[in-house]
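S.K.: Right, I'll just put the structure down here and ask away after.
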Amino acid sequence: MTGKSQLGDFLQARRSQLRPEDAGVTTYGERRRVPGLRREELALLAGVSASYYTRLEQGQSLSASPEVLDAIAGALRLDESERGYLHDLARADRPRARRRRPAPERVTQATEQLLDALADTPAIALGLRGDVLAWNPMGHALFAGHLDPGTPDSPDRRPSMARLVFLDRHTRDLYADWPSKARAVVGNLRLVAAQHPQDTALHTLLGELSAQSSEFASMWADHRIKACTVASYEMRHPLVGPLTVLQQTLSHGPGPSVVIATTEANSSSRAALTLLAQVAVPLAGRDPVQAQPAHPARTGAAAATD
């Protein structure tokens, strides 16, 4: 899974997904043997020679300038995230040192304080590859209540959000629109893979997911890019029923990112989170007798109205 092959695969995939009519290319009703644009059509739109673009797509050219990449991105109608991804792949093409074992990831004191401050808000700290480095009780209860709350404390037992989404039945059932969540995970992993092409742990994760999940392999081959910094998801929690949360990723610098889940004020989803707190807090040491949730039939949407 080298940067070179990924660059060519990305260009070919996105070219095949761009219809001629969407790119302003006139076909005169002709029958076309390939889906999407032809290489020479894309090259013409980008203002480069067809032979040069062909070499670039086949991984035979390592000298694409930022200006040429921007021209190709414009022809392919890439958005900002996809454009940045294209540049990252081009940089990954260039000769680099051999892959190295990544340094262990740790939660900073500032991140620990943030998780504590967000006591009433589900929050988890994620590493570069989506490993859960820490979570507060609400984060554990919402995203992975079926797991031991202490697993992030041990590096060799840390949950991987990517593995959970694709390989864990509980997490799959948690999202009403699971494909949307899965595509967001794949899109984010693509961005990370382009930025860190020498990360051995990441390559191991991608290989494992591709081997164990045909859905992951299919989505990875689609070459869709998605920066999932803010997204709304409908969840079906086994304890409190359905709720809709806004997941936001807070990231500053090279340290871990923090994902929080918020709900709309005075909604059934907010009521469901409040009820979940009665289950989550006992896990942190509160008296479970005082924190019994309401009857299951009264959870989620039944506990309040929007």
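How things are named: the first chain in the structure tokens is A, the next is B, and so on; residues count from 1 in each chain; ligands count from 1 in the order shown.
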Residues at most 9 Å from segment 109-115 of chain A, counting only C-alpha atoms, excluding those fewer than 5 positions away in the same chain, as a list in words?
M.R.: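 With the cut-off at 9 Å, the set is Thr121, Pro122, Ala123, Ile124, Ala125, Ala134, Trp135, Asn136, Gly255, Pro256, Ser257 and Val258 of chain A.
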S.K.: With only C-alpha atoms as the counted atoms, please give the residues lying no more than 12 Å from Arg169 of chain A, apart from itself and same-chain residues fewer than 4 positions off, as a CSV table (one decimal) with N, CA and C atoms, in the first residue's frame.
M.R.:
```
chain,number,residue,atom,x,y,z
A,144,ALA,N,-19.2,2.6,24.0
A,144,ALA,CA,-18.7,1.2,24.2
A,144,ALA,C,-19.0,0.7,25.6
A,146,HIS,N,-20.3,-1.8,26.5
A,146,HIS,CA,-20.2,-3.3,26.6
A,146,HIS,C,-18.8,-3.7,26.9
A,163,ARG,N,-11.9,-0.7,14.4
A,163,ARG,CA,-12.2,-2.1,14.5
A,163,ARG,C,-13.6,-2.3,15.1
A,164,LEU,N,-14.0,-1.4,16.1
A,164,LEU,CA,-15.3,-1.5,16.7
A,164,LEU,C,-16.4,-1.3,15.6
A,165,VAL,N,-16.2,-0.3,14.8
A,165,VAL,CA,-17.2,0.1,13.8
A,165,VAL,C,-17.4,-1.1,12.8
A,173,ASP,N,-24.7,-2.1,15.6
A,173,ASP,CA,-26.1,-1.9,15.9
A,173,ASP,C,-26.3,-0.6,16.5
A,174,LEU,N,-25.3,0.1,17.1
A,174,LEU,CA,-25.5,1.3,17.8
A,174,LEU,C,-25.9,2.5,16.8
A,175,TYR,N,-25.5,2.4,15.5
A,175,TYR,CA,-25.7,3.4,14.6
A,175,TYR,C,-26.8,3.0,13.6
A,178,TRP,N,-25.6,2.9,9.8
A,178,TRP,CA,-24.2,2.4,10.0
A,178,TRP,C,-23.3,2.7,8.8
```
S.K.: Quote the spacing between atom CA of Ala193 of chain A and atom CA of Leu126 of chain A in Å to one decimal place.
M.R.: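 These atoms are spaced 15.8 Å apart.
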S.K.: Give me every helix (DSSP H, G or I) residue in segment 78-299 of chain A, going by DSSP on the backbone, as a PyMOL selection string.
M.R.: chain A and resi 80-93+109-117+137-144+151-153+161-167+169-174+178-195+200-212+214-222+268-283+288-291+296-298
S.K.: If we count only C-alpha atoms and set the cut-off at 9 Å, which residues sit around Leu133 of chain A, ignoring sequence neighbours fewer than 2 positions away in its own chain? Please answer as an mmCIF file with N, CA, C and O atoms, in the first residue's frame.
M.R.:
```
data_model
loop_
_atom_site.group_PDB
_atom_site.id
_atom_site.type_symbol
_atom_site.label_atom_id
_atom_site.label_comp_id
_atom_site.auth_asym_id
_atom_site.auth_seq_id
_atom_site.Cartn_x
_atom_site.Cartn_y
_atom_site.Cartn_z
ATOM 1 N N GLU A 105 1.479 6.235 22.004
ATOM 2 C CA GLU A 105 0.640 7.420 22.170
ATOM 3 C C GLU A 105 0.173 7.516 23.616
ATOM 4 O O GLU A 105 -0.180 6.504 24.238
ATOM 5 N N ARG A 106 0.161 8.725 24.141
ATOM 6 C CA ARG A 106 -0.225 8.943 25.528
ATOM 7 C C ARG A 106 -1.203 10.105 25.610
ATOM 8 O O ARG A 106 -1.205 11.003 24.765
ATOM 9 N N VAL A 107 -2.009 10.080 26.658
ATOM 10 C CA VAL A 107 -2.943 11.169 26.909
ATOM 11 C C VAL A 107 -2.225 12.239 27.716
ATOM 12 O O VAL A 107 -1.593 11.945 28.732
ATOM 13 N N ILE A 124 -14.372 11.106 24.344
ATOM 14 C CA ILE A 124 -13.310 10.115 24.256
ATOM 15 C C ILE A 124 -12.102 10.763 23.593
ATOM 16 O O ILE A 124 -12.237 11.627 22.725
ATOM 17 N N ALA A 125 -10.913 10.359 24.016
ATOM 18 C CA ALA A 125 -9.667 10.840 23.421
ATOM 19 C C ALA A 125 -9.147 9.765 22.484
ATOM 20 O O ALA A 125 -8.988 8.607 22.877
ATOM 21 N N LEU A 126 -8.902 10.157 21.234
ATOM 22 C CA LEU A 126 -8.479 9.205 20.213
ATOM 23 C C LEU A 126 -7.066 9.508 19.737
ATOM 24 O O LEU A 126 -6.690 10.674 19.579
ATOM 25 N N GLY A 127 -6.318 8.458 19.486
ATOM 26 C CA GLY A 127 -4.989 8.602 18.920
ATOM 27 C C GLY A 127 -5.044 8.759 17.409
ATOM 28 O O GLY A 127 -6.124 8.852 16.804
ATOM 29 N N GLY A 130 -7.141 6.204 15.601
ATOM 30 C CA GLY A 130 -8.469 5.977 16.154
ATOM 31 C C GLY A 130 -8.497 5.082 17.370
ATOM 32 O O GLY A 130 -9.575 4.638 17.788
ATOM 33 N N ASP A 131 -7.331 4.814 17.958
ATOM 34 C CA ASP A 131 -7.306 4.038 19.200
ATOM 35 C C ASP A 131 -7.835 4.903 20.338
ATOM 36 O O ASP A 131 -7.508 6.088 20.440
ATOM 37 N N TRP A 135 -11.354 7.820 28.023
ATOM 38 C CA TRP A 135 -12.735 8.286 27.900
ATOM 39 C C TRP A 135 -13.270 8.636 29.277
ATOM 40 O O TRP A 135 -12.767 8.159 30.295
ATOM 41 N N THR A 151 -10.126 -0.560 29.771
ATOM 42 C CA THR A 151 -9.303 -1.021 28.651
ATOM 43 C C THR A 151 -8.392 0.056 28.055
ATOM 44 O O THR A 151 -7.270 -0.260 27.650
ATOM 45 N N PRO A 152 -8.789 1.337 27.989
ATOM 46 C CA PRO A 152 -7.863 2.326 27.422
ATOM 47 C C PRO A 152 -6.593 2.524 28.246
ATOM 48 O O PRO A 152 -5.606 3.061 27.733
ATOM 49 N N ASP A 153 -6.612 2.125 29.510
ATOM 50 C CA ASP A 153 -5.451 2.329 30.370
ATOM 51 C C ASP A 153 -4.289 1.420 30.009
ATOM 52 O O ASP A 153 -3.143 1.681 30.401
ATOM 53 N N SER A 154 -4.570 0.343 29.271
ATOM 54 C CA SER A 154 -3.531 -0.614 28.901
ATOM 55 C C SER A 154 -3.296 -0.542 27.391
ATOM 56 O O SER A 154 -4.191 -0.858 26.609
ATOM 57 N N PRO A 155 -2.103 -0.109 26.942
ATOM 58 C CA PRO A 155 -1.852 0.057 25.506
ATOM 59 C C PRO A 155 -2.154 -1.175 24.664
ATOM 60 O O PRO A 155 -2.608 -1.056 23.531
ATOM 61 N N ARG A 158 -6.201 -1.419 24.274
ATOM 62 C CA ARG A 158 -6.991 -0.251 23.881
ATOM 63 C C ARG A 158 -7.946 -0.573 22.728
ATOM 64 O O ARG A 158 -7.537 -1.155 21.722
ATOM 65 N N PRO A 159 -9.190 -0.149 22.858
ATOM 66 C CA PRO A 159 -10.130 -0.366 21.753
ATOM 67 C C PRO A 159 -9.753 0.503 20.562
ATOM 68 O O PRO A 159 -9.230 1.607 20.705
ATOM 69 N N PRO A 256 -3.512 13.953 20.971
ATOM 70 C CA PRO A 256 -4.757 13.223 20.703
ATOM 71 C C PRO A 256 -5.912 14.174 20.428
ATOM 72 O O PRO A 256 -5.941 15.309 20.909
#
```
S.K.: Could you check which of A:Leu7, A:Ala217, A:Ala117, A:Leu45 is closest to Val25 of chain A, using only C-alpha atoms?
M.R.: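 Of A:Leu7, A:Ala217, A:Ala117, A:Leu45, the one nearest Val25 of chain A is A:Leu45, counting only C-alpha atoms.
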S.K.: Residues within 10 Å of His223 of chain A, please, as a PyMOL selection string. Count only C-alpha atoms; anything in the same chain fewer than 6 positions from it doesn't count.
M.R.: chain A and resi 6+9-14+82+186-187+190
